[in-house]
Each structure stands twice: as C-alpha cells, then as structure tokens.
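Data file: run.cif. Format and content: mmCIF, C-alpha atoms.
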```cif
data_work
#
loop_
_atom_site.group_PDB
_atom_site.id
_atom_site.type_symbol
_atom_site.label_atom_id
_atom_site.label_comp_id
_atom_site.auth_asym_id
_atom_site.auth_seq_id
_atom_site.Cartn_x
_atom_site.Cartn_y
_atom_site.Cartn_z
ATOM 1 C CA MET A 1 -7.166 -6.606 -7.939
ATOM 2 C CA ALA A 2 -8.825 -8.968 -5.529
ATOM 3 C CA LEU A 3 -12.134 -10.648 -4.950
ATOM 4 C CA ILE A 4 -13.320 -11.817 -1.570
ATOM 5 C CA THR A 5 -16.476 -13.826 -1.157
ATOM 6 C CA PHE A 6 -18.509 -14.272 2.020
ATOM 7 C CA ARG A 7 -20.596 -17.357 2.720
ATOM 8 C CA GLU A 8 -23.155 -15.176 4.407
ATOM 9 C CA GLU A 9 -25.253 -18.108 5.641
ATOM 10 C CA ARG A 10 -22.257 -19.215 7.779
ATOM 11 C CA CYS A 11 -21.486 -15.776 9.302
ATOM 12 C CA LYS A 12 -22.292 -15.369 12.989
ATOM 13 C CA GLY A 13 -21.753 -11.612 12.987
ATOM 14 C CA CYS A 14 -18.855 -11.580 15.475
ATOM 15 C CA ARG A 15 -17.289 -8.557 13.697
ATOM 16 C CA LEU A 16 -13.683 -9.693 14.248
ATOM 17 C CA CYS A 17 -13.033 -9.274 10.504
ATOM 18 C CA THR A 18 -14.042 -5.596 10.665
ATOM 19 C CA THR A 19 -11.245 -4.866 13.157
ATOM 20 C CA VAL A 20 -8.350 -6.211 11.099
ATOM 21 C CA CYS A 21 -8.969 -4.786 7.601
ATOM 22 C CA PRO A 22 -6.163 -2.249 6.949
ATOM 23 C CA LYS A 23 -8.519 -0.229 4.731
ATOM 24 C CA ASN A 24 -11.646 -0.654 6.888
ATOM 25 C CA LEU A 25 -13.589 -2.123 3.973
ATOM 26 C CA VAL A 26 -15.407 -4.888 5.853
ATOM 27 C CA VAL A 27 -18.780 -3.775 7.186
ATOM 28 C CA MET A 28 -21.776 -5.584 8.604
ATOM 29 C CA SER A 29 -24.641 -5.991 6.185
ATOM 30 C CA GLY A 30 -28.059 -4.543 6.982
ATOM 31 C CA GLN A 31 -29.625 -7.867 6.043
ATOM 32 C CA ILE A 32 -30.182 -10.779 8.404
ATOM 33 C CA ASN A 33 -29.120 -14.320 7.509
ATOM 34 C CA ASP A 34 -30.938 -17.586 8.304
ATOM 35 C CA MET A 35 -29.263 -17.836 11.726
ATOM 36 C CA GLY A 36 -30.435 -14.327 12.642
ATOM 37 C CA TYR A 37 -27.090 -12.521 12.405
ATOM 38 C CA HIS A 38 -26.006 -9.527 10.341
ATOM 39 C CA PRO A 39 -23.349 -11.035 8.043
ATOM 40 C CA ALA A 40 -20.098 -9.291 7.128
ATOM 41 C CA SER A 41 -19.668 -7.889 3.641
ATOM 42 C CA VAL A 42 -17.470 -5.619 1.536
ATOM 43 C CA LEU A 43 -19.066 -2.767 -0.366
ATOM 44 C CA GLU A 44 -16.016 -1.242 -2.103
ATOM 45 C CA MET A 45 -14.475 -4.388 -3.535
ATOM 46 C CA GLU A 46 -12.274 -2.416 -5.969
ATOM 47 C CA LYS A 47 -10.237 -1.087 -3.014
ATOM 48 C CA CYS A 48 -9.515 -4.563 -1.630
ATOM 49 C CA THR A 49 -5.900 -5.706 -1.947
ATOM 50 C CA GLY A 50 -6.581 -9.346 -1.058
ATOM 51 C CA CYS A 51 -4.359 -9.354 2.040
ATOM 52 C CA ALA A 52 -6.663 -12.019 3.570
ATOM 53 C CA LEU A 53 -6.341 -10.749 7.159
ATOM 54 C CA CYS A 54 -10.148 -10.841 7.492
ATOM 55 C CA ALA A 55 -10.194 -14.467 6.340
ATOM 56 C CA MET A 56 -7.355 -15.317 8.721
ATOM 57 C CA ILE A 57 -9.216 -14.131 11.827
ATOM 58 C CA CYS A 58 -12.663 -15.445 10.816
ATOM 59 C CA PRO A 59 -13.499 -18.294 13.237
ATOM 60 C CA ASP A 60 -16.143 -19.767 10.918
ATOM 61 C CA LEU A 61 -14.282 -19.834 7.591
ATOM 62 C CA VAL A 62 -16.840 -17.553 5.992
ATOM 63 C CA ILE A 63 -14.349 -15.691 3.794
ATOM 64 C CA GLU A 64 -12.558 -16.883 0.679
ATOM 65 C CA VAL A 65 -9.963 -14.678 -1.002
ATOM 66 C CA GLN A 66 -8.819 -14.549 -4.616
ATOM 67 C CA ARG A 67 -6.275 -12.155 -6.036
ATOM 68 C CA GLU A 68 -3.949 -11.652 -8.957
ATOM 69 C CA VAL A 69 -0.673 -13.408 -8.226
ATOM 70 C CA LYS A 70 2.403 -12.346 -10.183
ATOM 71 C CA ALA A 71 4.049 -15.144 -12.135
ATOM 72 C CA VAL A 72 7.353 -16.038 -10.521
ATOM 73 C CA MET B 73 -7.101 -14.657 -10.249
ATOM 74 C CA ARG B 74 -5.974 -17.366 -7.902
ATOM 75 C CA LYS B 75 -7.426 -18.484 -4.610
ATOM 76 C CA VAL B 76 -5.065 -17.343 -1.864
ATOM 77 C CA PHE B 77 -7.266 -18.285 1.055
ATOM 78 C CA SER B 78 -9.843 -21.047 1.219
ATOM 79 C CA ARG B 79 -11.031 -23.853 3.493
ATOM 80 C CA PRO B 80 -8.327 -26.495 4.129
ATOM 81 C CA VAL B 81 -9.027 -29.952 2.703
ATOM 82 C CA SER B 82 -8.701 -31.603 6.127
ATOM 83 C CA LEU B 83 -11.654 -29.619 7.461
ATOM 84 C CA LYS B 84 -15.111 -30.871 6.479
ATOM 85 C CA ASP B 85 -17.438 -28.367 4.849
ATOM 86 C CA VAL B 86 -19.851 -28.130 7.773
ATOM 87 C CA PRO B 87 -20.676 -25.138 10.001
ATOM 88 C CA PHE B 88 -19.100 -25.039 13.481
ATOM 89 C CA HIS B 89 -21.475 -25.185 16.439
ATOM 90 C CA TYR B 90 -19.322 -22.711 18.414
ATOM 91 C CA CYS B 91 -20.605 -19.350 19.675
ATOM 92 C CA PRO B 92 -19.987 -16.190 17.586
ATOM 93 C CA GLY B 93 -16.375 -15.045 17.981
ATOM 94 C CA CYS B 94 -15.173 -18.274 19.617
ATOM 95 C CA ASN B 95 -11.519 -18.854 18.770
ATOM 96 C CA HIS B 96 -11.902 -22.650 18.543
ATOM 97 C CA GLY B 97 -12.689 -22.263 14.839
ATOM 98 C CA ILE B 98 -9.355 -20.514 14.201
ATOM 99 C CA ALA B 99 -7.441 -23.243 16.060
ATOM 100 C CA HIS B 100 -9.296 -25.953 14.090
ATOM 101 C CA ARG B 101 -8.399 -24.257 10.827
ATOM 102 C CA LEU B 102 -4.710 -23.914 11.737
ATOM 103 C CA ILE B 103 -4.427 -27.623 12.599
ATOM 104 C CA ALA B 104 -6.185 -28.578 9.342
ATOM 105 C CA GLU B 105 -3.885 -26.285 7.344
ATOM 106 C CA VAL B 106 -0.817 -27.876 8.963
ATOM 107 C CA ILE B 107 -2.147 -31.377 8.202
ATOM 108 C CA ASP B 108 -2.654 -30.311 4.570
ATOM 109 C CA GLU B 109 0.808 -28.748 4.291
ATOM 110 C CA LEU B 110 2.555 -31.786 5.783
ATOM 111 C CA ASN B 111 0.432 -34.045 3.539
ATOM 112 C CA ILE B 112 -0.521 -36.335 6.428
ATOM 113 C CA GLN B 113 -4.320 -36.324 6.137
ATOM 114 C CA ASP B 114 -4.508 -40.110 5.575
ATOM 115 C CA ASN B 115 -1.992 -40.763 8.317
ATOM 116 C CA THR B 116 -3.239 -38.628 11.198
ATOM 117 C CA ILE B 117 -5.387 -39.663 14.157
ATOM 118 C CA GLY B 118 -6.871 -37.007 16.427
ATOM 119 C CA VAL B 119 -8.227 -37.464 19.935
ATOM 120 C CA ALA B 120 -11.131 -35.224 20.945
ATOM 121 C CA PRO B 121 -11.671 -34.148 24.563
ATOM 122 C CA VAL B 122 -14.742 -33.461 26.670
ATOM 123 C CA GLY B 123 -15.721 -29.804 26.537
ATOM 124 C CA CYS B 124 -16.928 -27.418 23.855
ATOM 125 C CA SER B 125 -14.672 -29.163 21.335
ATOM 126 C CA VAL B 126 -16.118 -32.639 22.042
ATOM 127 C CA PHE B 127 -17.567 -32.788 18.525
ATOM 128 C CA THR B 128 -14.288 -32.090 16.702
ATOM 129 C CA MET B 129 -14.646 -35.468 14.976
ATOM 130 C CA ASP B 130 -17.488 -33.882 12.999
ATOM 131 C CA TYR B 131 -15.159 -31.179 11.712
ATOM 132 C CA PHE B 132 -11.783 -32.761 10.913
ATOM 133 C CA ASP B 133 -11.724 -35.002 7.852
ATOM 134 C CA ILE B 134 -9.304 -37.439 9.485
ATOM 135 C CA ASP B 135 -9.599 -40.421 11.837
ATOM 136 C CA MET B 136 -10.740 -39.240 15.262
ATOM 137 C CA PHE B 137 -11.314 -40.779 18.655
ATOM 138 C CA GLN B 138 -13.275 -39.268 21.523
ATOM 139 C CA ALA B 139 -11.718 -39.823 24.945
ATOM 140 C CA SER B 140 -13.195 -39.665 28.431
ATOM 141 C CA HIS B 141 -12.796 -36.387 30.276
ATOM 142 C CA GLY B 142 -9.095 -35.553 30.605
ATOM 143 C CA ARG B 143 -7.877 -38.928 29.321
ATOM 144 C CA ALA B 144 -6.969 -37.884 25.779
ATOM 145 C CA PRO B 145 -3.161 -38.161 26.313
ATOM 146 C CA ALA B 146 -3.594 -41.705 27.681
ATOM 147 C CA VAL B 147 -5.751 -42.699 24.687
ATOM 148 C CA ALA B 148 -3.277 -41.035 22.303
ATOM 149 C CA THR B 149 -0.444 -42.965 23.992
ATOM 150 C CA GLY B 150 -2.237 -46.240 23.267
ATOM 151 C CA ILE B 151 -2.947 -45.322 19.654
ATOM 152 C CA LYS B 152 0.640 -44.187 19.048
ATOM 153 C CA ARG B 153 2.156 -47.322 20.610
ATOM 154 C CA VAL B 154 -0.039 -49.631 18.520
ATOM 155 C CA LEU B 155 0.301 -47.573 15.330
ATOM 156 C CA PRO B 156 3.704 -45.855 15.634
ATOM 157 C CA ASP B 157 3.699 -44.753 11.983
ATOM 158 C CA ARG B 158 0.661 -42.503 12.511
ATOM 159 C CA VAL B 159 0.705 -38.863 13.573
ATOM 160 C CA VAL B 160 -1.363 -38.680 16.769
ATOM 161 C CA PHE B 161 -2.567 -35.461 18.366
ATOM 162 C CA THR B 162 -5.036 -34.494 21.064
ATOM 163 C CA TYR B 163 -7.163 -31.363 21.115
ATOM 164 C CA GLN B 164 -7.987 -30.381 24.692
ATOM 165 C CA GLY B 165 -9.354 -27.400 26.559
ATOM 166 C CA ASP B 166 -8.140 -26.107 29.901
ATOM 167 C CA GLY B 167 -10.963 -27.740 31.846
ATOM 168 C CA ASP B 168 -10.024 -31.056 30.276
ATOM 169 C CA LEU B 169 -6.210 -30.923 30.241
ATOM 170 C CA ALA B 170 -5.345 -28.704 33.215
ATOM 171 C CA ALA B 171 -8.020 -29.913 35.652
ATOM 172 C CA ILE B 172 -9.235 -33.514 35.508
ATOM 173 C CA GLY B 173 -6.500 -34.464 33.013
ATOM 174 C CA THR B 174 -3.472 -33.064 34.876
ATOM 175 C CA GLY B 175 -2.102 -36.512 35.712
ATOM 176 C CA GLU B 176 -2.495 -37.739 32.143
ATOM 177 C CA PHE B 177 -0.631 -34.956 30.362
ATOM 178 C CA VAL B 178 2.138 -34.687 32.966
ATOM 179 C CA HIS B 179 2.873 -38.406 32.836
ATOM 180 C CA ALA B 180 2.576 -38.566 29.041
ATOM 181 C CA ALA B 181 5.220 -35.817 28.991
ATOM 182 C CA ALA B 182 7.367 -37.569 31.599
ATOM 183 C CA ARG B 183 7.266 -40.803 29.592
ATOM 184 C CA GLY B 184 8.294 -38.831 26.511
ATOM 185 C CA GLU B 185 5.397 -40.197 24.497
ATOM 186 C CA ASN B 186 5.821 -39.243 20.861
ATOM 187 C CA ILE B 187 2.472 -37.434 20.607
ATOM 188 C CA THR B 188 1.323 -33.831 20.151
ATOM 189 C CA LEU B 189 -1.076 -32.032 22.489
ATOM 190 C CA ILE B 190 -2.944 -28.941 21.318
ATOM 191 C CA PHE B 191 -4.073 -27.216 24.518
ATOM 192 C CA ILE B 192 -6.740 -24.519 24.140
ATOM 193 C CA ASN B 193 -6.576 -22.199 27.159
ATOM 194 C CA ASN B 194 -9.504 -19.798 27.527
ATOM 195 C CA ALA B 195 -9.292 -19.449 31.324
ATOM 196 C CA VAL B 196 -12.817 -20.742 31.929
ATOM 197 C CA TYR B 197 -14.987 -23.848 31.698
ATOM 198 C CA GLY B 198 -16.863 -23.291 28.445
ATOM 199 C CA MET B 199 -19.346 -26.088 27.861
ATOM 200 C CA THR B 200 -20.680 -26.242 31.414
ATOM 201 C CA GLY B 201 -21.460 -22.538 31.532
ATOM 202 C CA GLY B 202 -18.452 -20.483 32.579
ATOM 203 C CA GLN B 203 -17.264 -21.851 35.918
ATOM 204 C CA MET B 204 -13.787 -21.140 37.315
ATOM 205 C CA ALA B 205 -11.057 -23.295 35.755
ATOM 206 C CA PRO B 206 -7.522 -23.973 37.085
ATOM 207 C CA THR B 207 -6.322 -21.451 34.494
ATOM 208 C CA THR B 208 -8.750 -18.677 35.508
ATOM 209 C CA LEU B 209 -6.773 -15.511 36.258
ATOM 210 C CA ILE B 210 -6.568 -13.928 39.709
ATOM 211 C CA GLY B 211 -9.421 -11.425 39.962
ATOM 212 C CA GLN B 212 -11.297 -12.875 36.988
ATOM 213 C CA LYS B 213 -15.035 -13.125 37.559
ATOM 214 C CA THR B 214 -16.730 -16.407 36.653
ATOM 215 C CA LYS B 215 -19.963 -18.150 37.625
ATOM 216 C CA THR B 216 -18.245 -19.780 40.608
ATOM 217 C CA SER B 217 -16.034 -16.810 41.504
ATOM 218 C CA PRO B 218 -18.506 -13.911 41.248
ATOM 219 C CA GLN B 219 -16.230 -11.643 43.306
ATOM 220 C CA GLY B 220 -13.193 -12.580 41.196
ATOM 221 C CA ARG B 221 -10.707 -15.420 41.799
ATOM 222 C CA LYS B 222 -8.860 -14.994 45.103
ATOM 223 C CA HIS B 223 -5.563 -16.801 45.600
ATOM 224 C CA GLU B 224 -6.209 -17.193 49.343
ATOM 225 C CA VAL B 225 -9.244 -19.351 48.594
ATOM 226 C CA ASN B 226 -8.757 -20.687 45.069
ATOM 227 C CA GLY B 227 -4.987 -20.863 44.679
ATOM 228 C CA TYR B 228 -3.044 -19.634 41.676
ATOM 229 C CA PRO B 229 -3.614 -20.321 37.955
ATOM 230 C CA ILE B 230 -1.624 -23.227 36.511
ATOM 231 C CA LYS B 231 1.047 -22.291 33.963
ATOM 232 C CA VAL B 232 1.199 -25.493 31.925
ATOM 233 C CA CYS B 233 4.005 -24.466 29.570
ATOM 234 C CA GLU B 234 6.257 -23.393 32.451
ATOM 235 C CA MET B 235 5.861 -26.705 34.315
ATOM 236 C CA LEU B 236 6.736 -29.055 31.434
ATOM 237 C CA PRO B 237 10.277 -28.139 30.255
ATOM 238 C CA PRO B 238 12.076 -29.731 33.269
ATOM 239 C CA LEU B 239 10.618 -33.115 32.259
ATOM 240 C CA GLU B 240 13.226 -34.786 30.076
ATOM 241 C CA GLY B 241 10.657 -36.477 27.833
ATOM 242 C CA THR B 242 9.354 -33.184 26.455
ATOM 243 C CA ALA B 243 10.804 -32.082 23.126
ATOM 244 C CA TYR B 244 8.763 -29.048 22.174
ATOM 245 C CA VAL B 245 6.657 -26.753 24.367
ATOM 246 C CA ALA B 246 5.245 -23.445 23.111
ATOM 247 C CA ARG B 247 2.528 -20.958 23.976
ATOM 248 C CA VAL B 248 0.768 -19.002 21.236
ATOM 249 C CA ALA B 249 -2.431 -16.953 20.860
ATOM 250 C CA VAL B 250 -5.024 -16.591 18.096
ATOM 251 C CA HIS B 251 -6.455 -13.162 18.868
ATOM 252 C CA LYS B 252 -4.933 -11.216 15.947
ATOM 253 C CA PRO B 253 -3.495 -12.079 12.518
ATOM 254 C CA LYS B 254 0.170 -11.764 13.555
ATOM 255 C CA SER B 255 -0.356 -14.161 16.457
ATOM 256 C CA ILE B 256 -2.321 -16.537 14.222
ATOM 257 C CA ILE B 257 0.672 -16.788 11.838
ATOM 258 C CA GLN B 258 2.982 -17.552 14.787
ATOM 259 C CA ALA B 259 0.473 -20.064 16.159
ATOM 260 C CA LYS B 260 0.440 -21.954 12.890
ATOM 261 C CA LYS B 261 4.246 -22.090 12.822
ATOM 262 C CA ALA B 262 4.295 -23.518 16.365
ATOM 263 C CA ILE B 263 1.645 -26.152 15.579
ATOM 264 C CA LYS B 264 3.549 -27.163 12.450
ATOM 265 C CA LYS B 265 6.776 -27.428 14.422
ATOM 266 C CA ALA B 266 5.076 -29.621 17.035
ATOM 267 C CA PHE B 267 3.817 -32.014 14.350
ATOM 268 C CA GLU B 268 7.274 -32.085 12.727
ATOM 269 C CA VAL B 269 8.841 -32.907 16.104
ATOM 270 C CA GLN B 270 6.513 -35.888 16.353
ATOM 271 C CA ILE B 271 7.121 -37.014 12.759
ATOM 272 C CA LYS B 272 10.876 -36.969 13.451
ATOM 273 C CA GLY B 273 10.280 -39.015 16.594
ATOM 274 C CA LEU B 274 11.888 -36.513 18.951
ATOM 275 C CA GLY B 275 9.376 -36.869 21.797
ATOM 276 C CA PHE B 276 6.454 -35.155 23.459
ATOM 277 C CA SER B 277 5.206 -31.843 22.086
ATOM 278 C CA LEU B 278 2.597 -29.437 23.430
ATOM 279 C CA VAL B 279 1.281 -26.168 22.031
ATOM 280 C CA GLU B 280 -0.838 -24.014 24.349
ATOM 281 C CA VAL B 281 -3.205 -21.755 22.412
ATOM 282 C CA LEU B 282 -4.601 -18.742 24.303
ATOM 283 C CA SER B 283 -8.146 -18.403 23.084
ATOM 284 C CA ALA B 284 -11.091 -16.079 23.701
ATOM 285 C CA CYS B 285 -14.440 -17.228 25.097
ATOM 286 C CA PRO B 286 -16.687 -14.174 24.570
ATOM 287 C CA THR B 287 -19.869 -15.868 25.822
ATOM 288 C CA ASN B 288 -18.541 -16.977 29.211
ATOM 289 C CA TRP B 289 -16.354 -13.916 29.702
ATOM 290 C CA GLY B 290 -19.504 -11.804 29.226
ATOM 291 C CA LEU B 291 -17.864 -9.674 26.533
ATOM 292 C CA SER B 292 -18.431 -9.004 22.859
ATOM 293 C CA PRO B 293 -16.018 -10.907 20.539
ATOM 294 C CA ILE B 294 -14.027 -7.710 19.888
ATOM 295 C CA GLU B 295 -13.851 -6.858 23.618
ATOM 296 C CA ALA B 296 -12.840 -10.459 24.320
ATOM 297 C CA VAL B 297 -9.760 -10.444 22.084
ATOM 298 C CA THR B 298 -8.727 -7.117 23.675
ATOM 299 C CA TRP B 299 -9.234 -8.606 27.154
ATOM 300 C CA LEU B 300 -7.095 -11.587 26.142
ATOM 301 C CA GLU B 301 -4.261 -9.324 25.006
ATOM 302 C CA GLU B 302 -4.404 -7.068 28.072
ATOM 303 C CA ASN B 303 -4.959 -9.677 30.786
ATOM 304 C CA MET B 304 -4.026 -13.184 29.669
ATOM 305 C CA ILE B 305 -0.789 -12.543 27.760
ATOM 306 C CA PRO B 306 0.907 -10.683 30.676
ATOM 307 C CA TYR B 307 0.269 -13.708 32.930
ATOM 308 C CA TYR B 308 0.744 -16.357 30.235
ATOM 309 C CA PRO B 309 3.680 -15.003 28.173
ATOM 310 C CA LEU B 310 3.908 -16.227 24.579
ATOM 311 C CA GLY B 311 6.924 -18.015 23.164
ATOM 312 C CA GLU B 312 8.772 -21.306 22.870
ATOM 313 C CA PHE B 313 9.620 -22.782 26.261
ATOM 314 C CA LYS B 314 11.515 -25.802 25.037
ATOM 315 C CA THR B 315 12.786 -26.737 21.602
ATOM 316 C CA PRO B 316 14.701 -29.817 20.458
ATOM 317 C CA THR B 317 18.481 -29.557 20.358
ATOM 318 C CA ALA B 318 19.535 -26.820 17.971
ATOM 319 C CA GLY B 319 19.960 -27.920 14.397
ATOM 320 C CA VAL B 320 17.553 -30.858 14.556
ATOM 321 C CA ILE B 321 14.722 -28.905 12.929
#
```
If you convert what's in this file into structure tokens, what do you get?
Amino acid sequence: MALITFREERCKGCRLCTTVCPKNLVVMSGQINDMGYHPASVLEMEKCTGCALCAMICPDLVIEVQREVKAV
Amino acid sequence: MRKVFSRPVSLKDVPFHYCPGCNHGIAHRLIAEVIDELNIQDNTIGVAPVGCSVFTMDYFDIDMFQASHGRAPAVATGIKRVLPDRVVFTYQGDGDLAAIGTGEFVHAAARGENITLIFINNAVYGMTGGQMAPTTLIGQKTKTSPQGRKHEVNGYPIKVCEMLPPLEGTAYVARVAVHKPKSIIQAKKAIKKAFEVQIKGLGFSLVEVLSACPTNWGLSPIEAVTWLEENMIPYYPLGEFKTPTAGVI
C-alpha cells in the first residue's frame, strides 16, 4: 500500500520518471500545468508499491512517496 | 503510512530554474540529503560557480558564497582556513572547473586543502548556449564543433579524476553518474564519503558527477540519459580513483 503525490505545478514534463517505474504506472497527464507542460501522474495508485524510483530520478522534486513501513 | 521520500530540509522549497530533464536538480538533492544525514546544515558553507548552477545559493538552505568564474576552490580554501570547523564544498560545472578553473582545482588538490569539490561534468558549456568544453567527447557535436570534436584541432577531453590521484594532497577522488536510480544511489554514497573525508580532516576530496544536458545536446531528456550511458561512461569510467588508507573510513 503506497501513496505517491505529484506537485504538478512543479513538473516540467521531462518523462524520466516514466522510464524507471518497474510497473509502468507513471504516465503523462493530458492536462497542461501553469508552465505549459504535461505533468506526470499515476492512474492506478493501488498497484504502486512505493519503491520511490520515480522520485529518485525526478530532477525537480515533484514526487513525494508514502508507504506502509513494517514495525521493526 | 510514513513518508519514505520527500524534499530534504537543506533544500529550500523553491522551483529550480533548470531546463526539463537537467540532472543538476538530482545532484542538488543528493548534496542536500547528505547534509541532512550528517546533520551539518548549520555548519556547512557552499561555494557556487559561474555557469547554469550560479544561483545555487537560492536553492540550498545553508550559507553560500558565489565565486568568480573558476575560482571556487580558491575561495573555499580561504573560507576553510579562516573557519576550519566548517564543512566547505564547491559546486562547479565542467566549464568552470575544467576550463578557466584548472589551475585552481589542481593547486587546491596539490596543497591538500581540506575541502570537497562537487564537479558536474555534462561535456558542454551549458549557460552560454552549448559550446565545446574541455570535457566534450571526441566526435561530439556542439555549437563550436558543428562537425564533431576533432583531436587534431581541439585536443583530447580532460579526465579530471584520472589526473588527481598522483597528487599526494588528494584523499578521495570518485566519478559517479546520476542517469538512473542505481547510479544515483552510488552517487549519494560517494558524496557522503567525500564529506566524511573532509570532516575527519583527511584532505582534499572531489566527486565528479556525469550529468545530462538535454537542451544543449539537442536530445530529449530520455534520449540524453541513454546517450550519457552509451557515450560518456565508456570514456569517463565510473568508480573510486583514490580512497584514504584502508580502515580510516
């Protein structure tokens, strides 16, 4: 169970995040943000594992990742 | 649910001015994460270069200084000698460090100054519009080498990491890349190690970060990271070129 949030107003539409998702969940939105780019988004959030690879490669820190963490 | 990835505290919450897909943002984030993890935000002074990253003082939430073109290692030397308890690093591109600043970084290394240099190598002059840099690859097309760089005319690209280890003052020299998640993890480890070398007072440390410049390479961001992997890494191999005596870290 994971939740990733995109600050869509900061996304420059470089698409690097779409190349690293192991489940190919990250897609570019059909909408256009204030800067004129198509921001990245995830449609099938229930399939996301919260691996954070998309956040790791994002040059503009658009993505924030939350997930269930097992108590140690 | 717990946050497992969010903006580091040492990075101000402002948008970067960099082009889409520019790897500067990843390098900024890694440095800020290392500063957070080492808990040195109040104790760190950064020196910004001239180039695309000239406005880094707007992004890092630490004390910053902006040096003249290429002179960041000399400025960092002064800061470190006056305030030896601070962690001092420079953030320089290849046009700044490897061209006009060659004398500064070589002599800072030879003196064994206890500072850290983060060297962003994208094989091109970014801010001025994509001219040939000393690190431009043979055959690479730029604004000033439209037929591709020729070694007969333009010489060979400078391999900064390979030229530093013989200098006795250097303690840690490594080359990393930020074009895919695995490399980004290794890059962060190298940057952290370089800061730790400085905190332990072992000497000069430099981390070269291979970085993509989609705009001036004339490629899409995705094509650019592929180009980096296929062309830059074979010429600029990744790895640690010099580490402090085994067992120190």
With distances taken over all atoms listed in the file, the candidate from A:Lys70, A:Pro59, A:Thr18, A:Glu9 nearest chain B is A:Pro59
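Candidate residues B:Ala266, B:Cys94, B:Leu102, B:Val122 were compared for distance to Ala296 (chain B), and the nearest is B:Cys94, using all atoms listed in the file.
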Would you compute an axis-aligned box for region 20-39 of chain A, covering every atom listed for it in the file with 3 Å of margin on each side, and report centre and edge lengths in Å to one decimal as AutoDock Vina command-line options?
```
--center_x -18.6 --center_y -9.0 --center_z 8.3 --size_x 30.8 --size_y 23.6 --size_z 14.7
```
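Every chain A residue lying within 7 Å of chain B, based on only C-alpha atoms, is listed here: Arg10, Lys12, Gly13, Cys14, Leu16, Ala52, Leu53, Met56, Ile57, Cys58, Pro59, Asp60, Leu61, Glu64, Val65, Gln66, Arg67, Glu68 and Val69 of chain A.
Residues within 8 Å of Ile190 (chain B), counting only C-alpha atoms and excluding same-chain residues fewer than 4 positions away, are B:Phe161, B:Thr162, B:Tyr163, B:Gln164, B:Ile263, B:Leu278, B:Val279, B:Glu280, B:Val281.
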Smallest atom-to-atom distance to Ser29 (chain A): which of A:Cys11, A:Val62, A:Met1, A:Cys48, using all atoms listed in the file?
-> A:Cys11
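The space separating CA of Ala104 (chain B) from CA of Ser140 (chain B) comes to 23.2 Å.
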Taking all atoms listed in the file into account, which of A:Val26, A:Arg7, A:Gln31, A:Ala55 comes nearest Leu43 (chain A)?
-> A:Val26
Using CA of Phe127 (chain B) and CA of Asp166 (chain B) as the two end points, give the distance in Å to one decimal.
-> 16.2 Å
Render region 96-123 of chain B from the structure in the preceding block as a file of C-alpha atoms, as a PDB file, in the first residue's frame.
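File written: result_24.pdb
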```pdb
ATOM      1  CA  HIS B  96      21.544  19.434 -11.802  1.00  0.00           C
ATOM      2  CA  GLY B  97      18.384  19.028  -9.720  1.00  0.00           C
ATOM      3  CA  ILE B  98      19.296  15.425  -8.840  1.00  0.00           C
ATOM      4  CA  ALA B  99      22.826  16.452  -7.816  1.00  0.00           C
ATOM      5  CA  HIS B 100      21.429  19.306  -5.677  1.00  0.00           C
ATOM      6  CA  ARG B 101      19.079  16.905  -3.933  1.00  0.00           C
ATOM      7  CA  LEU B 102      21.824  14.357  -3.212  1.00  0.00           C
ATOM      8  CA  ILE B 103      24.067  17.007  -1.619  1.00  0.00           C
ATOM      9  CA  ALA B 104      21.151  18.298   0.488  1.00  0.00           C
ATOM     10  CA  GLU B 105      20.284  14.751   1.592  1.00  0.00           C
ATOM     11  CA  VAL B 106      23.905  14.142   2.635  1.00  0.00           C
ATOM     12  CA  ILE B 107      23.969  17.431   4.580  1.00  0.00           C
ATOM     13  CA  ASP B 108      20.758  16.358   6.348  1.00  0.00           C
ATOM     14  CA  GLU B 109      22.068  12.869   7.132  1.00  0.00           C
ATOM     15  CA  LEU B 110      25.369  14.167   8.519  1.00  0.00           C
ATOM     16  CA  ASN B 111      23.440  16.823  10.485  1.00  0.00           C
ATOM     17  CA  ILE B 112      25.738  19.625   9.316  1.00  0.00           C
ATOM     18  CA  GLN B 113      23.205  22.099   7.909  1.00  0.00           C
ATOM     19  CA  ASP B 114      24.219  24.867  10.357  1.00  0.00           C
ATOM     20  CA  ASN B 115      27.892  24.145   9.840  1.00  0.00           C
ATOM     21  CA  THR B 116      28.237  23.937   6.066  1.00  0.00           C
ATOM     22  CA  ILE B 117      29.348  26.640   3.636  1.00  0.00           C
ATOM     23  CA  GLY B 118      28.923  26.105  -0.097  1.00  0.00           C
ATOM     24  CA  VAL B 119      30.664  27.956  -2.907  1.00  0.00           C
ATOM     25  CA  ALA B 120      28.676  28.449  -6.113  1.00  0.00           C
ATOM     26  CA  PRO B 121      30.380  28.666  -9.518  1.00  0.00           C
ATOM     27  CA  VAL B 122      29.657  30.586 -12.700  1.00  0.00           C
ATOM     28  CA  GLY B 123      27.505  28.567 -15.076  1.00  0.00           C
TER      29      GLY B 123
END
```
